[in-house]
Each structure stands twice: as C-alpha cells, then as structure tokens.
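Enquirer: What follows is entry_34.cif, made up of mmCIF, C-alpha atoms:
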data_my_file
#
loop_
_atom_site.group_PDB
_atom_site.id
_atom_site.type_symbol
_atom_site.label_atom_id
_atom_site.label_comp_id
_atom_site.auth_asym_id
_atom_site.auth_seq_id
_atom_site.Cartn_x
_atom_site.Cartn_y
_atom_site.Cartn_z
ATOM 1 C CA MET A 27 -26.179 -7.252 -42.706
ATOM 2 C CA SER A 28 -26.061 -4.567 -40.029
ATOM 3 C CA ILE A 29 -22.630 -3.056 -39.504
ATOM 4 C CA PRO A 30 -22.349 0.052 -37.272
ATOM 5 C CA LEU A 31 -21.076 3.119 -39.109
ATOM 6 C CA THR A 32 -19.085 6.121 -37.914
ATOM 7 C CA VAL A 33 -16.810 8.798 -39.321
ATOM 8 C CA SER A 34 -13.251 9.137 -38.057
ATOM 9 C CA GLU A 35 -11.576 12.508 -37.563
ATOM 10 C CA TYR A 36 -14.691 14.493 -38.442
ATOM 11 C CA GLY A 37 -15.027 17.976 -36.924
ATOM 12 C CA TYR A 38 -18.668 17.693 -35.822
ATOM 13 C CA ASP A 39 -18.568 21.121 -34.227
ATOM 14 C CA GLN A 40 -16.841 22.747 -37.215
ATOM 15 C CA ALA A 41 -18.961 21.552 -40.159
ATOM 16 C CA PRO A 42 -21.767 23.630 -41.693
ATOM 17 C CA GLU A 43 -25.080 22.808 -39.981
ATOM 18 C CA ASP A 44 -26.685 21.063 -42.975
ATOM 19 C CA VAL A 45 -23.628 18.852 -43.536
ATOM 20 C CA ARG A 46 -23.308 18.168 -39.817
ATOM 21 C CA ARG A 47 -26.966 17.136 -39.543
ATOM 22 C CA THR A 48 -26.699 14.806 -42.576
ATOM 23 C CA VAL A 49 -23.583 13.078 -41.233
ATOM 24 C CA ILE A 50 -25.042 12.701 -37.742
ATOM 25 C CA GLU A 51 -28.213 11.134 -39.120
ATOM 26 C CA LYS A 52 -26.177 8.489 -40.969
ATOM 27 C CA ILE A 53 -23.732 7.398 -38.274
ATOM 28 C CA ASP A 54 -24.467 4.875 -35.533
ATOM 29 C CA PHE A 55 -21.941 6.144 -32.979
ATOM 30 C CA VAL A 56 -19.598 9.079 -32.455
ATOM 31 C CA SER A 57 -15.915 8.459 -33.068
ATOM 32 C CA ALA A 58 -14.316 10.641 -30.387
ATOM 33 C CA HIS A 59 -10.653 11.578 -30.518
ATOM 34 C CA ILE A 60 -9.519 12.337 -26.980
ATOM 35 C CA MET A 61 -6.067 13.731 -27.719
ATOM 36 C CA HIS A 62 -4.947 15.153 -24.363
ATOM 37 C CA TYR A 63 -1.367 14.072 -25.101
ATOM 38 C CA TYR A 64 -1.280 17.211 -27.254
ATOM 39 C CA ALA A 65 -3.942 19.298 -25.494
ATOM 40 C CA ASN A 66 -2.032 20.047 -22.294
ATOM 41 C CA CYS A 67 1.347 19.418 -20.736
ATOM 42 C CA ARG A 68 0.268 17.756 -17.506
ATOM 43 C CA PRO A 69 1.791 14.380 -16.597
ATOM 44 C CA ALA A 70 -0.009 11.162 -17.518
ATOM 45 C CA ALA A 71 -1.161 10.597 -13.927
ATOM 46 C CA GLU A 72 -3.056 13.924 -14.008
ATOM 47 C CA GLN A 73 -5.061 13.291 -17.182
ATOM 48 C CA TRP A 74 -8.247 11.744 -15.760
ATOM 49 C CA SER A 75 -10.104 15.073 -15.427
ATOM 50 C CA THR A 76 -9.234 15.881 -19.049
ATOM 51 C CA ILE A 77 -10.473 12.463 -20.196
ATOM 52 C CA VAL A 78 -13.768 12.980 -18.357
ATOM 53 C CA ARG A 79 -14.155 16.535 -19.681
ATOM 54 C CA GLU A 80 -13.488 15.533 -23.293
ATOM 55 C CA ILE A 81 -15.829 12.540 -23.187
ATOM 56 C CA THR A 82 -18.552 14.642 -21.559
ATOM 57 C CA ALA A 83 -18.125 17.261 -24.300
ATOM 58 C CA SER A 84 -18.345 14.565 -26.993
ATOM 59 C CA LYS A 85 -21.548 13.228 -25.472
ATOM 60 C CA GLY A 86 -23.020 16.726 -25.292
ATOM 61 C CA LEU A 87 -22.110 17.592 -28.854
ATOM 62 C CA ILE A 88 -24.238 14.867 -30.401
ATOM 63 C CA LYS A 89 -27.158 13.622 -28.370
ATOM 64 C CA ASN A 90 -28.602 10.119 -28.805
ATOM 65 C CA LYS A 91 -25.461 8.660 -30.414
ATOM 66 C CA PRO A 92 -23.123 6.646 -28.203
ATOM 67 C CA PRO A 93 -19.472 7.731 -28.222
ATOM 68 C CA MET A 94 -16.558 5.410 -28.880
ATOM 69 C CA VAL A 95 -13.133 6.811 -28.022
ATOM 70 C CA THR A 96 -11.118 5.916 -31.100
ATOM 71 C CA GLN A 97 -7.906 7.855 -30.540
ATOM 72 C CA ASN A 98 -6.345 8.298 -27.127
ATOM 73 C CA PRO A 99 -2.553 7.979 -27.434
ATOM 74 C CA TRP A 100 0.300 8.433 -24.988
ATOM 75 C CA GLY A 101 3.945 8.286 -26.060
ATOM 76 C CA SER A 102 6.234 5.709 -24.514
ATOM 77 C CA ASN A 103 9.570 7.023 -25.821
ATOM 78 C CA THR A 104 11.163 9.975 -27.609
ATOM 79 C CA ASN A 105 11.534 8.196 -30.964
ATOM 80 C CA GLY A 106 8.218 9.476 -32.242
ATOM 81 C CA ARG A 107 5.737 12.262 -31.758
ATOM 82 C CA ASP A 108 6.398 14.826 -29.064
ATOM 83 C CA ARG A 109 3.672 16.615 -27.070
ATOM 84 C CA GLY A 110 3.661 19.717 -29.230
ATOM 85 C CA SER A 111 3.601 23.434 -28.634
ATOM 86 C CA ASN A 112 1.479 23.310 -25.455
ATOM 87 C CA CYS A 113 4.572 22.040 -23.654
ATOM 88 C CA LYS A 114 6.605 25.027 -24.795
ATOM 89 C CA GLY A 115 10.272 24.177 -24.113
ATOM 90 C CA ASN A 116 9.629 20.669 -22.766
ATOM 91 C CA THR A 117 7.845 18.811 -25.565
ATOM 92 C CA TRP A 118 8.886 15.421 -24.169
ATOM 93 C CA ASN A 119 7.343 16.055 -20.722
ATOM 94 C CA ASP A 120 6.342 12.727 -19.114
ATOM 95 C CA VAL A 121 6.928 10.670 -22.253
ATOM 96 C CA SER A 122 8.221 7.267 -21.145
ATOM 97 C CA VAL A 123 7.194 3.639 -20.824
ATOM 98 C CA LYS A 124 6.376 4.291 -17.152
ATOM 99 C CA ALA A 125 4.159 7.273 -18.049
ATOM 100 C CA ALA A 126 2.412 5.295 -20.802
ATOM 101 C CA ASN A 127 1.640 2.524 -18.303
ATOM 102 C CA THR A 128 0.346 5.090 -15.785
ATOM 103 C CA TYR A 129 -1.810 6.660 -18.485
ATOM 104 C CA TRP A 130 -3.343 3.392 -19.683
ATOM 105 C CA ASN A 131 -4.019 2.400 -16.090
ATOM 106 C CA LEU A 132 -6.324 5.451 -15.888
ATOM 107 C CA TRP A 133 -8.437 3.903 -18.647
ATOM 108 C CA THR A 134 -8.476 0.351 -17.315
ATOM 109 C CA SER A 135 -8.979 1.236 -13.642
ATOM 110 C CA ASN A 136 -12.034 3.368 -14.437
ATOM 111 C CA SER A 137 -14.006 0.729 -16.320
ATOM 112 C CA GLU A 138 -17.047 1.208 -14.079
ATOM 113 C CA TRP A 139 -17.164 4.906 -14.999
ATOM 114 C CA PHE A 140 -17.050 4.031 -18.716
ATOM 115 C CA LYS A 141 -19.769 1.441 -18.207
ATOM 116 C CA ALA A 142 -21.998 3.923 -16.353
ATOM 117 C CA GLN A 143 -21.420 6.520 -19.090
ATOM 118 C CA LYS A 144 -22.033 3.931 -21.847
ATOM 119 C CA VAL A 145 -18.759 4.886 -23.499
ATOM 120 C CA GLY A 146 -16.531 2.437 -25.337
ATOM 121 C CA TRP A 147 -12.823 2.817 -26.026
ATOM 122 C CA PHE A 148 -9.876 0.905 -27.389
ATOM 123 C CA ALA A 149 -6.143 1.389 -27.712
ATOM 124 C CA HIS A 150 -5.786 3.001 -31.116
ATOM 125 C CA THR A 151 -2.298 1.775 -32.004
ATOM 126 C CA PHE A 152 -1.256 -1.867 -31.788
ATOM 127 C CA ASN A 153 2.448 -1.381 -32.369
ATOM 128 C CA ALA A 154 4.954 1.434 -32.570
ATOM 129 C CA GLY A 155 5.734 0.520 -36.171
ATOM 130 C CA SER A 156 2.461 2.048 -37.312
ATOM 131 C CA GLU A 157 2.448 5.218 -35.195
ATOM 132 C CA ALA A 158 5.929 5.887 -33.853
ATOM 133 C CA ASN A 159 5.892 5.914 -30.039
ATOM 134 C CA PHE A 160 2.145 5.352 -29.484
ATOM 135 C CA GLY A 161 2.071 1.563 -29.710
ATOM 136 C CA ILE A 162 1.098 -0.824 -26.956
ATOM 137 C CA TYR A 163 3.794 -3.026 -28.465
ATOM 138 C CA GLY A 164 7.167 -1.976 -29.833
ATOM 139 C CA VAL A 165 8.405 -2.423 -33.355
ATOM 140 C CA ARG A 166 8.942 -6.003 -34.483
ATOM 141 C CA ASN A 167 12.548 -6.966 -35.061
ATOM 142 C CA ASP A 168 14.520 -10.145 -35.645
ATOM 143 C CA ALA A 169 15.367 -10.518 -31.961
ATOM 144 C CA ARG A 170 11.860 -10.124 -30.614
ATOM 145 C CA LEU A 171 8.384 -10.255 -32.071
ATOM 146 C CA PHE A 172 6.567 -7.058 -31.015
ATOM 147 C CA PRO A 173 8.026 -6.425 -27.528
ATOM 148 C CA LYS A 174 5.277 -5.317 -25.148
ATOM 149 C CA LEU A 175 5.736 -1.723 -23.942
ATOM 150 C CA VAL A 176 2.502 -1.164 -22.055
ATOM 151 C CA ASP A 177 0.969 -3.632 -19.643
ATOM 152 C CA LEU A 178 -2.539 -3.031 -20.970
ATOM 153 C CA LYS A 179 -5.141 -5.272 -19.333
ATOM 154 C CA PRO A 180 -8.586 -3.872 -20.154
ATOM 155 C CA ILE A 181 -11.425 -4.998 -17.908
ATOM 156 C CA PRO A 182 -14.547 -5.963 -19.874
ATOM 157 C CA CYS A 183 -17.639 -4.072 -18.775
#
Produce structure tokens that represent the structure in this file.
Expert:
Amino acid sequence: MSIPLTVSEYGYDQAPEDVRRTVIEKIDFVSAHIMHYYANCRPAAEQWSTIVREITASKGLIKNKPPMVTQNPWGSNTNGRDRGSNCKGNTWNDVSVKAANTYWNLWTSNSEWFKAQKVGWFAHTFNAGSEANFGIYGVRNDARLFPKLVDLKPIPC
C-alpha cells in the first residue's frame, strides 16, 4: 500500500539541519500552513499577494516536494478566534461571513494559478464546532444541520 506521508505543523525552517533533512527525506509532500489571517491585518480581499508569497516561500524552502496548503483559515464571526496582535486595537478587522466568502473566492477563482504551480489546498475546517469561527459550515443545532456559512465551490484542476 502506498499512502502519501507528510508532517503537520512542522517548522521546517526552524529544526536542526540533521533533523530537518531526515524529516524531508521521509515525507512525500510539504504540509504548508498559510496563516495570513494572523500574519497581517489587511482585509480578506487584499490577501492574494500574501497567499502567493507564502506558497512561493514554502516551495522554495523544500525543493522537489510538492506543497499542499493544509491550513488557511478566515473567521466568519466574532464567536471564535480573533486576528491577533498584528491588528493592534482592531483584532476583529474584516471578520464576517461576507469577508470569509470573499477570502475563499480568492482560492477558488485562482484555480489555474494553483494548477500551474502544482499546489494543492483544501478548506481545513469543515464546521465551526471544531474550530470556532473558521468553519465552512456553522455549528450543528436542533433547528438546522450544519448551516452553510461560506459558499465554497472549489473548481477541480
């Protein structure tokens, strides 16, 4: 059986060289966490250049291993994780269902770029019950089974 292997949340650029080399030899693809939700305070609509920069850096860090973007969240409401200290006094800047839809549209509308770069990605969090406000779907309740928050329609490459 051949199952691709990766390591999640591993600091490739922070590990000692011998450990880094051993891990890189064993994995089949790079698990890239593109966490611009925390990295800057720009609105969702202005994140494409950050996405490109982070993916390019991931590809440059480990040559000959394809990257898979495995974490790439955007908050849809203020009942979860805020944007952190980079936003100084406005940690909820552009956190809304509208912003989350704008953000995910950046990913889906640039499928040709991802295809050309040979980069895969997926929405990390299915529902908000598992990671607060990052879910594509809301929390399940008796009135509604997983209400959809984000109109995510990925385009296969």
Enquirer: Work out how far CA of Ile81 (chain A) is from CA of Gly101 (chain A), in Å to one decimal.
Expert: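 Spanning CA of Gly101 (chain A) to CA of Ile81 (chain A) is a straight-line distance of 20.4 Å.
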Enquirer: Can you list, as JSON, numbers by chain, every protein, DNA or RNA residue that comes within 12 Å of Ser75 (chain A) when you count only C-alpha atoms, leaving out same-chain residues fewer than 4 positions away?
Expert: {"A": [60, 62, 66, 68, 69, 70, 71, 79, 80, 81, 82, 132, 133, 136]}
Enquirer: Report the distance between CA of Pro93 (chain A) and CA of Val145 (chain A) in Å, rounded to one decimal place.
Expert: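 The value is 5.6 Å.
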Enquirer: Env of Thr104 (chain A): 10 Å cut, atoms = all atoms listed in the file, seq-sep filter 6 positions within chain, self excluded. Answer as a PyMOL selection string.
Expert: chain A and resi 117-119+121-122+158-159
Enquirer: Go ahead and write the selection's residues with C-alpha atoms as a PDB file, keeping the file's coordinate frame.
Expert:
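Now in out01.pdb:
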ATOM      1  CA  THR A 117       7.845  18.811 -25.565  1.00  0.00           C
ATOM      2  CA  TRP A 118       8.886  15.421 -24.169  1.00  0.00           C
ATOM      3  CA  ASN A 119       7.343  16.055 -20.722  1.00  0.00           C
ATOM      4  CA  VAL A 121       6.928  10.670 -22.253  1.00  0.00           C
ATOM      5  CA  SER A 122       8.221   7.267 -21.145  1.00  0.00           C
ATOM      6  CA  ALA A 158       5.929   5.887 -33.853  1.00  0.00           C
ATOM      7  CA  ASN A 159       5.892   5.914 -30.039  1.00  0.00           C
TER       8      ASN A 159
END
Enquirer: How close does each residue of region 75-175 of chain A get to region 47-51 of chain A, giving the shortest atom pair and distance in Å to one decimal for every residue with an atom at most 10 Å away, counting only C-alpha atoms, sorted by chain and residue number, as a tab-separated table?
Expert:
residue	atom	partner	partner_atom	distance
A:Ile88	CA	A:Ile50	CA	7.7
A:Lys89	CA	A:Ile50	CA	9.7
A:Asn90	CA	A:Ile50	CA	10.0
A:Lys91	CA	A:Ile50	CA	8.4
Enquirer: Check the smallest atom-to-atom distance from each of A:Glu138, A:Asn127, A:Val95, A:Phe55 to Ile29 (chain A) using only C-alpha atoms, then report the winner.
Expert: A:Phe55
Enquirer: Given the file above and the PyMOL selection byres ((chain A and resi 154) around 12), which residues are selected, and can you give them as number ranges by chain?
Expert: A: 99-107, 150-153, 155-167, 172-176
Enquirer: For Leu87 (chain A), which of A:Asn116, A:Thr128, A:Ser57, A:Ser28 is the closest residue, counting all atoms listed in the file?
Expert: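 Closest to Leu87 (chain A), using all atoms listed in the file: A:Ser57.
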Enquirer: Quick check, in Å to one decimal: how far apart do CA of Val33 (chain A) and CA of Tyr63 (chain A) lie?
Expert: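 Spanning CA of Val33 (chain A) to CA of Tyr63 (chain A) is a straight-line distance of 21.6 Å.
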Enquirer: Considering only C-alpha atoms, state which residue in the set A:Gln97, A:Ala126, A:Pro42, A:Asn131 is at the smallest distance from Trp147 (chain A).
Expert: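 Ranked by minimum distance to Trp147 (chain A), first place goes to A:Gln97.
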